[in-house]
Amino acid sequence: MRTVFLAGGIASGKSTVARMLRSRGAWLCDLDQVAREVVAPGSEALELICREFGDDLVDPETGELRRAELAARAFDTPEDTAKLEAKEMPAIKARLTQILTNTCCAATAPMVAVVEIPLLDRVEDLLPLADEVLVVVAPMVLRRERAIARGMTAADFDLRVSRQVSDDYLREHATHVINNDGNAQALEAKVDAWWSSER
């Protein structure tokens, strides 16, 4: 099994590439989903987050984390964001390591396991788990257009981009780069070319 970390900035097309790879037979792990799992009701990470940001973040009926309210508090300043990451990233990393080594992947034994990673710099210490780092990039003007088309404001897009690493950083850590600067058919062809090289 080859483990591939798939990274890219917001609206670069990373999730689209992930879906394409899954349709070709890759086993897909979304790190955002892992992040949701580690703050499940009763989890240690949820308890730590509530201590830092307030017990009212938990829905009293379901015990679920109110993610929108957490985002409003935790992403207000870089300092608050760092506090949140300090609480949840250890659990996310531990769970991802478990997934890749002795649970889901080991049970299904796929040819390629793809981990979709929103913020590569936050998991740099896990890069030894990956055989490859596949990065999706796109011109900023196209990324802004795509983000706005799916309902994001330009201001929100710019704020999120400012808190993500640059494409230069991603390229430096990549073993292969897909430039998503064309239409869907062009992207399919680039994904096919990379997928063929994995076989």
# chains A, B, ... in the order shown; residues from 1 in each chain; ligands from 1
$ residues_around --residues "A:Leu187" --least-positions-apart "3" --cutoff "10 Å" --atoms "only C-alpha atoms" --output "PyMOL selection string"
chain A and resi 13+16-17+20+178-184+190-193
$ write_last_selection --atoms "N, CA and C atoms" --output "mmCIF file, in the first residue's frame"
data_model
loop_
_atom_site.group_PDB
_atom_site.id
_atom_site.type_symbol
_atom_site.label_atom_id
_atom_site.label_comp_id
_atom_site.auth_asym_id
_atom_site.auth_seq_id
_atom_site.Cartn_x
_atom_site.Cartn_y
_atom_site.Cartn_z
ATOM 1 N N GLY A 13 -9.026 22.893 -5.487
ATOM 2 C CA GLY A 13 -9.521 21.714 -6.174
ATOM 3 C C GLY A 13 -9.079 20.423 -5.515
ATOM 4 N N THR A 16 -11.871 17.934 -4.993
ATOM 5 C CA THR A 16 -12.276 17.373 -6.286
ATOM 6 C C THR A 16 -11.302 16.273 -6.706
ATOM 7 N N VAL A 17 -10.029 16.521 -6.550
ATOM 8 C CA VAL A 17 -9.023 15.510 -6.871
ATOM 9 C C VAL A 17 -9.200 14.287 -5.968
ATOM 10 N N MET A 20 -11.946 12.202 -7.340
ATOM 11 C CA MET A 20 -11.498 11.523 -8.556
ATOM 12 C C MET A 20 -10.642 10.302 -8.213
ATOM 13 N N ILE A 178 -0.124 18.930 -9.060
ATOM 14 C CA ILE A 178 -1.144 19.035 -10.101
ATOM 15 C C ILE A 178 -1.598 20.489 -10.159
ATOM 16 N N ASN A 179 -1.421 21.098 -11.323
ATOM 17 C CA ASN A 179 -1.824 22.495 -11.505
ATOM 18 C C ASN A 179 -3.244 22.524 -12.048
ATOM 19 N N ASN A 180 -4.192 22.897 -11.200
ATOM 20 C CA ASN A 180 -5.611 22.908 -11.569
ATOM 21 C C ASN A 180 -5.985 24.276 -12.130
ATOM 22 N N ASP A 181 -5.470 24.560 -13.316
ATOM 23 C CA ASP A 181 -5.690 25.869 -13.930
ATOM 24 C C ASP A 181 -6.585 25.807 -15.157
ATOM 25 N N GLY A 182 -7.229 24.649 -15.369
ATOM 26 C CA GLY A 182 -8.096 24.505 -16.534
ATOM 27 C C GLY A 182 -9.480 24.035 -16.155
ATOM 28 N N ASN A 183 -10.127 23.343 -17.084
ATOM 29 C CA ASN A 183 -11.482 22.858 -16.819
ATOM 30 C C ASN A 183 -11.445 21.469 -16.184
ATOM 31 N N ALA A 184 -12.630 20.910 -15.949
ATOM 32 C CA ALA A 184 -12.730 19.616 -15.274
ATOM 33 C C ALA A 184 -12.070 18.504 -16.091
ATOM 34 N N LYS A 190 -4.987 15.110 -15.833
ATOM 35 C CA LYS A 190 -3.810 15.198 -14.968
ATOM 36 C C LYS A 190 -3.877 14.166 -13.844
ATOM 37 N N VAL A 191 -5.079 13.967 -13.302
ATOM 38 C CA VAL A 191 -5.249 12.950 -12.266
ATOM 39 C C VAL A 191 -4.989 11.567 -12.846
ATOM 40 N N ASP A 192 -5.499 11.318 -14.041
ATOM 41 C CA ASP A 192 -5.267 10.025 -14.701
ATOM 42 C C ASP A 192 -3.778 9.774 -14.908
ATOM 43 N N ALA A 193 -3.058 10.807 -15.326
ATOM 44 C CA ALA A 193 -1.625 10.654 -15.570
ATOM 45 C C ALA A 193 -0.900 10.294 -14.274
#
$ residues_around --residues "stretch 75-90 of chain A" --least-positions-apart "2" --cutoff "7 Å" --atoms "only C-alpha atoms" --output "list in words"
Ala45, Leu48, Ile49, Ala71, Ala72, Arg73, Ile92, Lys93 and Ala94 of chain A
$ write_last_selection --atoms "all heavy atoms" --output "short mmCIF file (atom, residue, chain, number, x, y, z; two decimals), in the first residue's frame"
data_model
loop_
_atom_site.label_atom_id
_atom_site.label_comp_id
_atom_site.auth_asym_id
_atom_site.auth_seq_id
_atom_site.Cartn_x
_atom_site.Cartn_y
_atom_site.Cartn_z
N ALA A 45 -10.48 15.41 23.90
CA ALA A 45 -10.24 16.64 23.14
C ALA A 45 -11.38 17.63 23.32
O ALA A 45 -11.15 18.84 23.46
CB ALA A 45 -10.05 16.31 21.66
N LEU A 48 -11.03 19.32 26.67
CA LEU A 48 -9.98 20.33 26.67
C LEU A 48 -10.41 21.61 25.96
O LEU A 48 -10.11 22.71 26.40
CB LEU A 48 -8.72 19.76 26.01
CG LEU A 48 -8.01 18.63 26.75
CD1 LEU A 48 -6.89 18.05 25.88
CD2 LEU A 48 -7.44 19.13 28.07
N ILE A 49 -11.13 21.44 24.85
CA ILE A 49 -11.62 22.60 24.10
C ILE A 49 -12.60 23.40 24.94
O ILE A 49 -12.56 24.64 24.97
CB ILE A 49 -12.25 22.14 22.78
CG1 ILE A 49 -11.16 21.65 21.82
CG2 ILE A 49 -13.06 23.27 22.13
CD1 ILE A 49 -11.69 20.95 20.59
N ALA A 71 -15.84 27.99 15.94
CA ALA A 71 -15.10 28.69 14.90
C ALA A 71 -15.12 30.20 15.14
O ALA A 71 -14.11 30.88 14.95
CB ALA A 71 -15.69 28.36 13.53
N ALA A 72 -16.27 30.72 15.58
CA ALA A 72 -16.39 32.15 15.82
C ALA A 72 -15.43 32.61 16.92
O ALA A 72 -14.90 33.72 16.89
CB ALA A 72 -17.83 32.50 16.20
N ARG A 73 -15.21 31.73 17.88
CA ARG A 73 -14.31 32.09 19.00
C ARG A 73 -12.85 31.77 18.69
O ARG A 73 -11.95 32.55 19.01
CB ARG A 73 -14.72 31.34 20.26
CG ARG A 73 -16.12 31.70 20.74
CD ARG A 73 -16.52 30.90 21.97
NE ARG A 73 -17.96 30.99 22.17
CZ ARG A 73 -18.60 30.44 23.20
NH1 ARG A 73 -17.93 29.78 24.13
NH2 ARG A 73 -19.91 30.57 23.30
N ILE A 92 -5.87 14.39 16.79
CA ILE A 92 -6.00 14.17 15.35
C ILE A 92 -4.82 13.36 14.83
O ILE A 92 -4.98 12.39 14.08
CB ILE A 92 -6.12 15.52 14.61
CG1 ILE A 92 -7.45 16.21 14.95
CG2 ILE A 92 -5.98 15.32 13.10
CD1 ILE A 92 -7.54 17.64 14.43
N LYS A 93 -3.63 13.74 15.23
CA LYS A 93 -2.43 13.04 14.77
C LYS A 93 -2.41 11.59 15.26
O LYS A 93 -2.05 10.67 14.50
CB LYS A 93 -1.19 13.78 15.24
CG LYS A 93 -0.99 15.13 14.57
CD LYS A 93 0.22 15.85 15.14
CE LYS A 93 0.43 17.19 14.46
NZ LYS A 93 1.61 17.90 15.02
N ALA A 94 -2.79 11.39 16.51
CA ALA A 94 -2.81 10.03 17.05
C ALA A 94 -3.81 9.16 16.32
O ALA A 94 -3.53 7.99 15.99
CB ALA A 94 -3.14 10.08 18.55
#
$ closest_atom_pairs --of "stretch 10-66 of chain A" --to "stretch 114-120 of chain A" --cutoff "7 Å" --atoms "only C-alpha atoms" --output "tab-separated table"
residue	atom	partner	partner_atom	distance
A:Ala18	CA	A:Glu116	CA	6.9
A:Ala26	CA	A:Val114	CA	6.5
A:Trp27	CA	A:Val114	CA	6.0
A:Leu28	CA	A:Val114	CA	4.9
A:Cys29	CA	A:Val115	CA	4.7
A:Asp30	CA	A:Glu116	CA	4.8
A:Leu31	CA	A:Ile117	CA	5.5
$ write_last_selection --atoms "N, CA, C and O atoms" --output "tab-separated table (two decimals), in the first residue's frame"
chain	number	residue	atom	x	y	z
A	18	ALA	N	-9.51	14.52	-4.70
A	18	ALA	CA	-9.73	13.39	-3.78
A	18	ALA	C	-10.87	12.51	-4.27
A	18	ALA	O	-10.76	11.27	-4.26
A	26	ALA	N	-8.79	4.49	-4.98
A	26	ALA	CA	-8.03	4.85	-3.79
A	26	ALA	C	-8.92	4.79	-2.55
A	26	ALA	O	-10.12	5.04	-2.63
A	27	TRP	N	-8.33	4.43	-1.43
A	27	TRP	CA	-9.03	4.52	-0.14
A	27	TRP	C	-8.79	5.93	0.37
A	27	TRP	O	-7.66	6.42	0.38
A	28	LEU	N	-9.86	6.62	0.75
A	28	LEU	CA	-9.77	8.05	1.08
A	28	LEU	C	-10.03	8.30	2.54
A	28	LEU	O	-10.99	7.79	3.13
A	29	CYS	N	-9.17	9.09	3.13
A	29	CYS	CA	-9.33	9.54	4.52
A	29	CYS	C	-9.30	11.07	4.51
A	29	CYS	O	-8.33	11.67	4.06
A	30	ASP	N	-10.37	11.69	5.00
A	30	ASP	CA	-10.47	13.14	5.07
A	30	ASP	C	-10.08	13.58	6.48
A	30	ASP	O	-10.74	13.22	7.46
A	31	LEU	N	-9.01	14.35	6.59
A	31	LEU	CA	-8.54	14.75	7.91
A	31	LEU	C	-9.56	15.64	8.63
A	31	LEU	O	-9.60	15.66	9.86
$ select_by_dssp --residues "chain A" --states "strand (DSSP E)" --output "NGL selection string"
:A and (2-8 or 27-30 or 112-117 or 132-137 or 176-179)
$ select_by_dssp --residues "stretch 36-107 of chain A" --states "alpha helix (DSSP H)" --output "MDAnalysis selection string"
chainID A and resid 36:37 44:53 67:74 78:102 104:107
$ atom_distance --atom1 "atom CA of A:Ala11" --atom2 "atom CA of A:Met152"
10.3 Å
